[in-house]
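This is model_15.pdb. It holds PDB, C-alpha atoms, pLDDT in the B column.
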ATOM      1  CA  MET A  11       0.000   0.000   0.000  1.00 73.00           C
ATOM      2  CA  VAL A  12       1.374   3.373  -1.016  1.00 80.00           C
ATOM      3  CA  ARG A  13       0.814   6.252   1.350  1.00 77.00           C
ATOM      4  CA  THR A  14       0.070   9.608  -0.223  1.00 83.00           C
ATOM      5  CA  PRO A  15       2.643  12.270   0.583  1.00 87.00           C
ATOM      6  CA  LEU A  16       1.743  14.777   3.257  1.00 85.00           C
ATOM      7  CA  THR A  17       0.984  18.321   2.274  1.00 89.00           C
ATOM      8  CA  PRO A  18       3.149  21.117   3.651  1.00 89.00           C
ATOM      9  CA  GLU A  19       0.248  22.149   5.915  1.00 88.00           C
ATOM     10  CA  GLU A  20      -0.075  18.606   7.286  1.00 88.00           C
ATOM     11  CA  ARG A  21       3.628  18.690   8.120  1.00 90.00           C
ATOM     12  CA  ARG A  22       3.293  22.088   9.830  1.00 91.00           C
ATOM     13  CA  ARG A  23       0.276  20.842  11.810  1.00 91.00           C
ATOM     14  CA  GLY A  24       2.356  17.864  12.972  1.00 92.00           C
ATOM     15  CA  GLU A  25       5.148  20.204  14.028  1.00 93.00           C
ATOM     16  CA  ARG A  26       2.675  22.346  16.003  1.00 93.00           C
ATOM     17  CA  LEU A  27       1.266  19.225  17.685  1.00 95.00           C
ATOM     18  CA  GLY A  28       4.770  18.053  18.593  1.00 95.00           C
ATOM     19  CA  ALA A  29       5.675  21.442  20.057  1.00 94.00           C
ATOM     20  CA  LEU A  30       2.459  21.495  22.100  1.00 95.00           C
ATOM     21  CA  LEU A  31       3.122  18.015  23.487  1.00 96.00           C
ATOM     22  CA  ARG A  32       6.735  18.865  24.386  1.00 95.00           C
ATOM     23  CA  GLU A  33       5.578  22.046  26.122  1.00 95.00           C
ATOM     24  CA  ALA A  34       2.851  20.204  28.054  1.00 96.00           C
ATOM     25  CA  ARG A  35       5.264  17.439  29.047  1.00 95.00           C
ATOM     26  CA  GLY A  36       7.524  20.017  30.701  1.00 94.00           C
ATOM     27  CA  GLY A  37      10.120  18.342  32.899  1.00 94.00           C
ATOM     28  CA  ARG A  38       8.445  14.948  32.859  1.00 96.00           C
ATOM     29  CA  SER A  39      10.253  12.219  30.966  1.00 96.00           C
ATOM     30  CA  MET A  40       9.138  10.881  27.622  1.00 96.00           C
ATOM     31  CA  VAL A  41       9.088   7.384  29.104  1.00 97.00           C
ATOM     32  CA  GLU A  42       6.760   8.469  31.938  1.00 97.00           C
ATOM     33  CA  ILE A  43       4.259  10.171  29.624  1.00 97.00           C
ATOM     34  CA  ALA A  44       4.390   7.427  27.002  1.00 98.00           C
ATOM     35  CA  ALA A  45       3.748   4.749  29.633  1.00 97.00           C
ATOM     36  CA  SER A  46       0.870   6.745  31.079  1.00 97.00           C
ATOM     37  CA  ALA A  47      -0.642   7.063  27.585  1.00 97.00           C
ATOM     38  CA  GLY A  48      -0.054   3.391  26.762  1.00 97.00           C
ATOM     39  CA  ILE A  49       2.284   4.054  23.832  1.00 97.00           C
ATOM     40  CA  SER A  50       5.990   3.521  23.310  1.00 97.00           C
ATOM     41  CA  ALA A  51       8.508   6.242  24.069  1.00 97.00           C
ATOM     42  CA  GLU A  52       9.662   5.933  20.443  1.00 97.00           C
ATOM     43  CA  THR A  53       6.147   6.713  19.199  1.00 97.00           C
ATOM     44  CA  LEU A  54       6.008   9.782  21.436  1.00 97.00           C
ATOM     45  CA  ARG A  55       9.468  10.822  20.231  1.00 96.00           C
ATOM     46  CA  LYS A  56       8.333  10.560  16.598  1.00 95.00           C
ATOM     47  CA  ILE A  57       5.214  12.628  17.270  1.00 95.00           C
ATOM     48  CA  GLU A  58       7.103  15.292  19.223  1.00 95.00           C
ATOM     49  CA  THR A  59       9.745  15.651  16.514  1.00 93.00           C
ATOM     50  CA  GLY A  60       7.256  15.721  13.654  1.00 88.00           C
ATOM     51  CA  ARG A  61       8.440  12.418  12.153  1.00 89.00           C
ATOM     52  CA  ALA A  62       4.909  11.070  12.760  1.00 90.00           C
ATOM     53  CA  PRO A  63       2.852  14.169  11.922  1.00 87.00           C
ATOM     54  CA  THR A  64      -0.513  12.396  11.638  1.00 90.00           C
ATOM     55  CA  PRO A  65      -0.870  10.146  14.700  1.00 94.00           C
ATOM     56  CA  ALA A  66      -4.061   8.173  15.229  1.00 94.00           C
ATOM     57  CA  PHE A  67      -6.913   9.913  17.033  1.00 95.00           C
ATOM     58  CA  PHE A  68      -6.792   7.485  19.961  1.00 97.00           C
ATOM     59  CA  THR A  69      -3.040   8.072  20.350  1.00 97.00           C
ATOM     60  CA  VAL A  70      -3.614  11.825  20.552  1.00 96.00           C
ATOM     61  CA  ALA A  71      -6.515  11.313  22.965  1.00 97.00           C
ATOM     62  CA  ALA A  72      -4.360   9.101  25.215  1.00 97.00           C
ATOM     63  CA  LEU A  73      -1.558  11.673  25.196  1.00 97.00           C
ATOM     64  CA  ALA A  74      -4.042  14.440  25.989  1.00 97.00           C
ATOM     65  CA  GLY A  75      -5.223  12.494  29.013  1.00 97.00           C
ATOM     66  CA  ALA A  76      -1.687  11.780  30.188  1.00 97.00           C
ATOM     67  CA  LEU A  77      -0.728  15.440  29.830  1.00 97.00           C
ATOM     68  CA  GLY A  78      -3.908  16.971  31.213  1.00 96.00           C
ATOM     69  CA  LEU A  79      -4.830  18.629  27.919  1.00 96.00           C
ATOM     70  CA  SER A  80      -8.294  18.829  26.431  1.00 96.00           C
ATOM     71  CA  MET A  81      -8.881  17.704  22.872  1.00 95.00           C
ATOM     72  CA  ASP A  82     -10.282  21.183  22.200  1.00 94.00           C
ATOM     73  CA  GLU A  83      -6.985  22.738  23.255  1.00 93.00           C
ATOM     74  CA  ILE A  84      -5.010  20.334  21.070  1.00 93.00           C
ATOM     75  CA  LEU A  85      -7.251  21.116  18.109  1.00 91.00           C
ATOM     76  CA  ALA A  86      -7.070  24.868  18.639  1.00 90.00           C
ATOM     77  CA  ARG A  87      -3.279  24.896  18.982  1.00 89.00           C
ATOM     78  CA  SER A  88      -2.607  22.443  16.146  1.00 86.00           C
ATOM     79  CA  ALA A  89      -5.140  23.774  13.636  1.00 81.00           C
ATOM     80  CA  PRO A  90      -3.990  25.487  10.471  1.00 74.00           C
ATOM     81  CA  GLU A  91      -3.045  29.078  10.884  1.00 68.00           C
ATOM     82  CA  PRO A  92      -5.634  31.321   9.266  1.00 67.00           C
ATOM     83  CA  ASP A  93      -4.705  33.162   6.126  1.00 61.00           C
ATOM     84  CA  VAL A  94      -4.169  36.811   6.829  1.00 58.00           C
ATOM     85  CA  VAL A  95      -5.919  39.014   4.322  1.00 60.00           C
ATOM     86  CA  PRO A  96      -5.000  42.679   4.416  1.00 62.00           C
ATOM     87  CA  LEU A  97      -7.884  45.063   4.896  1.00 69.00           C
ATOM     88  CA  ALA A  98      -8.683  47.299   1.956  1.00 66.00           C
ATOM     89  CA  GLY A  99      -8.369  50.883   2.881  1.00 57.00           C
TER      90      GLY A  99
END

Will you turn the file into structure tokens for me?
Amino acid sequence: MVRTPLTPEERRRGERLGALLREARGGRSMVEIAASAGISAETLRKIETGRAPTPAFFTVAALAGALGLSMDEILARSAPEPDVVPLAG
């Protein structure tokens, strides 16, 4: 099965998700958070570094629970940045 390449926006969204997870993890270890979420530390590492920019919903939900984040917050902070249109004037 051939996977379609990710768009640049999908890659940027994955980078924003990774940054959010690293920030929320703070001083806690990757191993601690991964174990709490029921995933491997390597999977968490890939998500945090953007090498796995489109993790499964249930993986993100488990990480949200382990980090005390709401899914709404993850969505809001990982969503595409709006296009800025200059005002006519």

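Taken over the shown file, the PyMOL selection byres ((chain A and resi 15-24) around 7) identifies Arg13, Thr14, Glu25, Arg26, Leu27, Gly28, Gly60, Pro63, Thr64, Ser88, Ala89 and Pro90 of chain A.
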
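Distances to Leu73 of chain A were evaluated for A:Ile57, A:Val12, A:Ala51, A:Ile43 using only C-alpha atoms, and the minimum falls at A:Ile43.
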
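What the PyMOL selection byres ((chain A and resi 84) around 10) picks from this file is Arg26, Leu27, Leu30, Leu31, Val70, Ala71, Ala74, Leu79, Ser80, Met81, Asp82, Glu83, Leu85, Ala86, Arg87, Ser88 and Ala89 of chain A.
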
Kindly provide, as a PyMOL selection string, the polymer residues lying within 7 Å of (1.3, 5.4, 19.7), counting only C-alpha atoms and using the coordinates exactly as they appear in the file. chain A and resi 49-50+53-54+69

Expanded to explicit residues, what is the PyMOL selection byres ((chain A and resi 35) around 12) for this file, as a PDB file with C-alpha atoms, in the coordinates of the input?
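Listing of selection-v6.pdb after writing:
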ATOM      1  CA  GLY A  28       4.770  18.053  18.593  1.00 95.00           C
ATOM      2  CA  ALA A  29       5.675  21.442  20.057  1.00 94.00           C
ATOM      3  CA  LEU A  30       2.459  21.495  22.100  1.00 95.00           C
ATOM      4  CA  LEU A  31       3.122  18.015  23.487  1.00 96.00           C
ATOM      5  CA  ARG A  32       6.735  18.865  24.386  1.00 95.00           C
ATOM      6  CA  GLU A  33       5.578  22.046  26.122  1.00 95.00           C
ATOM      7  CA  ALA A  34       2.851  20.204  28.054  1.00 96.00           C
ATOM      8  CA  GLY A  36       7.524  20.017  30.701  1.00 94.00           C
ATOM      9  CA  GLY A  37      10.120  18.342  32.899  1.00 94.00           C
ATOM     10  CA  ARG A  38       8.445  14.948  32.859  1.00 96.00           C
ATOM     11  CA  SER A  39      10.253  12.219  30.966  1.00 96.00           C
ATOM     12  CA  MET A  40       9.138  10.881  27.622  1.00 96.00           C
ATOM     13  CA  VAL A  41       9.088   7.384  29.104  1.00 97.00           C
ATOM     14  CA  GLU A  42       6.760   8.469  31.938  1.00 97.00           C
ATOM     15  CA  ILE A  43       4.259  10.171  29.624  1.00 97.00           C
ATOM     16  CA  ALA A  44       4.390   7.427  27.002  1.00 98.00           C
ATOM     17  CA  SER A  46       0.870   6.745  31.079  1.00 97.00           C
ATOM     18  CA  LEU A  54       6.008   9.782  21.436  1.00 97.00           C
ATOM     19  CA  ARG A  55       9.468  10.822  20.231  1.00 96.00           C
ATOM     20  CA  GLU A  58       7.103  15.292  19.223  1.00 95.00           C
ATOM     21  CA  LEU A  73      -1.558  11.673  25.196  1.00 97.00           C
ATOM     22  CA  ALA A  74      -4.042  14.440  25.989  1.00 97.00           C
ATOM     23  CA  GLY A  75      -5.223  12.494  29.013  1.00 97.00           C
ATOM     24  CA  ALA A  76      -1.687  11.780  30.188  1.00 97.00           C
ATOM     25  CA  LEU A  77      -0.728  15.440  29.830  1.00 97.00           C
ATOM     26  CA  GLY A  78      -3.908  16.971  31.213  1.00 96.00           C
ATOM     27  CA  LEU A  79      -4.830  18.629  27.919  1.00 96.00           C
TER      28      LEU A  79
END

Around all the atoms of segment 79-92 of chain A listed in the file, draw an axis-aligned box and extend it by 5 Å on each of the six sides; I want its centre and edge lengths in Å to one decimal, as JSON.
{"center_x": -6.4, "center_y": 24.5, "center_z": 18.6, "size_x": 17.7, "size_y": 23.6, "size_z": 28.7}

Subset file: segment 58-74 of chain A, N, CA, C and O atoms, as a CSV table (one decimal), in the first residue's frame:
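Below is the file out.csv, written as the result:
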chain,number,residue,atom,x,y,z
A,58,GLU,N,6.5,14.0,18.7
A,58,GLU,CA,7.1,15.3,19.2
A,58,GLU,C,8.1,15.9,18.2
A,58,GLU,O,8.2,17.1,18.2
A,59,THR,N,8.8,15.1,17.5
A,59,THR,CA,9.7,15.7,16.5
A,59,THR,C,9.2,15.9,15.1
A,59,THR,O,9.8,16.4,14.2
A,60,GLY,N,7.9,15.5,14.9
A,60,GLY,CA,7.3,15.7,13.7
A,60,GLY,C,7.5,14.6,12.7
A,60,GLY,O,7.1,14.7,11.5
A,61,ARG,N,8.2,13.5,13.1
A,61,ARG,CA,8.4,12.4,12.2
A,61,ARG,C,7.2,11.6,12.0
A,61,ARG,O,7.1,10.8,11.0
A,62,ALA,N,6.2,11.7,12.9
A,62,ALA,CA,4.9,11.1,12.8
A,62,ALA,C,3.9,12.2,12.9
A,62,ALA,O,3.2,12.3,13.9
A,63,PRO,N,3.7,13.0,11.8
A,63,PRO,CA,2.9,14.2,11.9
A,63,PRO,C,1.3,13.9,11.9
A,63,PRO,O,0.6,14.8,12.2
A,64,THR,N,0.9,12.7,11.7
A,64,THR,CA,-0.5,12.4,11.6
A,64,THR,C,-0.8,11.2,12.5
A,64,THR,O,-1.2,10.1,12.0
A,65,PRO,N,-0.6,11.3,13.8
A,65,PRO,CA,-0.9,10.1,14.7
A,65,PRO,C,-2.4,9.8,14.7
A,65,PRO,O,-3.2,10.7,14.5
A,66,ALA,N,-2.7,8.6,15.1
A,66,ALA,CA,-4.1,8.2,15.2
A,66,ALA,C,-4.8,9.0,16.3
A,66,ALA,O,-4.2,9.4,17.3
A,67,PHE,N,-6.1,9.2,16.1
A,67,PHE,CA,-6.9,9.9,17.0
A,67,PHE,C,-6.8,9.4,18.5
A,67,PHE,O,-6.6,10.1,19.4
A,68,PHE,N,-6.8,8.1,18.6
A,68,PHE,CA,-6.8,7.5,20.0
A,68,PHE,C,-5.4,7.7,20.6
A,68,PHE,O,-5.3,7.8,21.8
A,69,THR,N,-4.4,7.8,19.8
A,69,THR,CA,-3.0,8.1,20.4
A,69,THR,C,-3.0,9.5,20.9
A,69,THR,O,-2.5,9.7,22.0
A,70,VAL,N,-3.6,10.4,20.1
A,70,VAL,CA,-3.6,11.8,20.6
A,70,VAL,C,-4.5,12.0,21.8
A,70,VAL,O,-4.1,12.7,22.7
A,71,ALA,N,-5.6,11.3,21.8
A,71,ALA,CA,-6.5,11.3,23.0
A,71,ALA,C,-5.8,10.8,24.2
A,71,ALA,O,-6.0,11.3,25.3
A,72,ALA,N,-5.1,9.7,24.1
A,72,ALA,CA,-4.4,9.1,25.2
A,72,ALA,C,-3.3,10.1,25.7
A,72,ALA,O,-3.1,10.2,26.9
A,73,LEU,N,-2.6,10.7,24.8
A,73,LEU,CA,-1.6,11.7,25.2
A,73,LEU,C,-2.2,12.9,25.9
A,73,LEU,O,-1.7,13.4,26.9
A,74,ALA,N,-3.3,13.3,25.4
A,74,ALA,CA,-4.0,14.4,26.0
A,74,ALA,C,-4.4,14.1,27.4
A,74,ALA,O,-4.2,14.9,28.3
